[in-house]
Structures are given as structure tokens and as C-alpha cells.
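What follows is a short report on a single structure.
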Amino acid sequence: MTHTPMHQWCPKCGAMLPAHLEECPRCGTRLKGAGADAGYTAKDIAQITSVILAFAIVPLCVILIVSIVCVSIAR
Ligand SMILES: [Zn+2]
């Protein structure tokens with residue numbers, strides 16, 4: 001059970017506005033309310049992808065190095 005706010009406040013002019021508005025009708029400032037889904041930009045996605053890749057590649061490299069060491073010791 002989540003309570004969705006009925007109103008939001010314009011950060012620029014302080015007007016009380018319906019929560020679904022994307023833009024303040026008084027001063028034209030863009031509001032967070034409806035545009036929350038578009039919060040991820042291409043830069044954010046690239047950064048997240050690189051972090052995920054780093055977390056995937058580091059263990060693979062460790063496994064590869066350990067297996068190479070094991071093979072070289074066994075011979
Ligand atoms: Zn405003």
C-alpha cells in the first residue's frame with residue numbers, strides 16, 4: 001500500500017501543482033513528478049554497463065590467472 005502524493009511544489013516559484021504535471025504552468029520550470037521514468041540518460045546506462053562489465057571481468061581474470069598458474073605448476 002503506497003501513498004502517492006496528490007501535489008508537488010514548484011522548486012522555482014513555490015506554486016502548489018498537481019503531482020502529474022511535468023512543467024510548472026506559472027514559470028515553466030520542469031518538474032520531477034511525471035518525468036521520473038526518463039531519469040536514466042545514455043551516460044548513466046554506459047556507466048552502469050561499465051561497472052557491471054568490471055564486476056564480470058575481474059572474477060574471470062582471477063579464474064584465468066589461477067588456472068594458468070595451476071597448469072604451469074602441474075607440468
Ligand atoms: Zn513555477
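By convention in this document, the chains of the C-alpha cells carry letters A, B, ... by their order, each chain's residues are numbered from 1, and ligands are numbered from 1 in the order they are shown.
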- Enumerate as a ChimeraX atom specification the residues within 6 Å of ligand 1, counting only C-alpha atoms and all ligand atoms. /A:10,12-13,15,24,26-27,29
How would the residues just chosen look if you wrote them out with C-alpha atoms as a PDB file, in the first residue's frame?
ATOM      1  CA  CYS A  10       7.457  24.064  -7.898  1.00  0.00           C
ATOM      2  CA  LYS A  12      11.422  27.756  -8.505  1.00  0.00           C
ATOM      3  CA  CYS A  13       8.267  29.754  -7.750  1.00  0.00           C
ATOM      4  CA  ALA A  15       3.423  27.081  -6.581  1.00  0.00           C
ATOM      5  CA  CYS A  24       5.070  24.460 -13.934  1.00  0.00           C
ATOM      6  CA  ARG A  26       3.401  29.602 -13.841  1.00  0.00           C
ATOM      7  CA  CYS A  27       7.132  29.767 -14.536  1.00  0.00           C
ATOM      8  CA  THR A  29      10.223  25.018 -14.739  1.00  0.00           C
TER       9      THR A  29
END
- Task: Give the strand (DSSP E or B) residues of chain A, as assigned by DSSP on the backbone, as an NGL selection string.
- Result: :A and (7-9 or 16-18 or 23 or 30)
Write out, as an mmCIF file, in the first residue's frame, the residues just selected, with C-alpha atoms.
data_model
loop_
_atom_site.group_PDB
_atom_site.id
_atom_site.type_symbol
_atom_site.label_atom_id
_atom_site.label_comp_id
_atom_site.auth_asym_id
_atom_site.auth_seq_id
_atom_site.Cartn_x
_atom_site.Cartn_y
_atom_site.Cartn_z
ATOM 1 C CA HIS A 7 0.517 17.637 -5.059
ATOM 2 C CA GLN A 8 4.024 18.779 -5.752
ATOM 3 C CA TRP A 9 5.692 22.109 -5.196
ATOM 4 C CA MET A 16 1.347 24.077 -5.450
ATOM 5 C CA LEU A 17 0.726 21.944 -8.549
ATOM 6 C CA PRO A 18 -0.982 18.609 -9.324
ATOM 7 C CA GLU A 23 6.056 21.578 -16.204
ATOM 8 C CA ARG A 30 10.475 21.294 -15.465
#
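Going from atom CA of Lys32 of chain A over to atom CA of His20 of chain A, you cover 9.4 Å.
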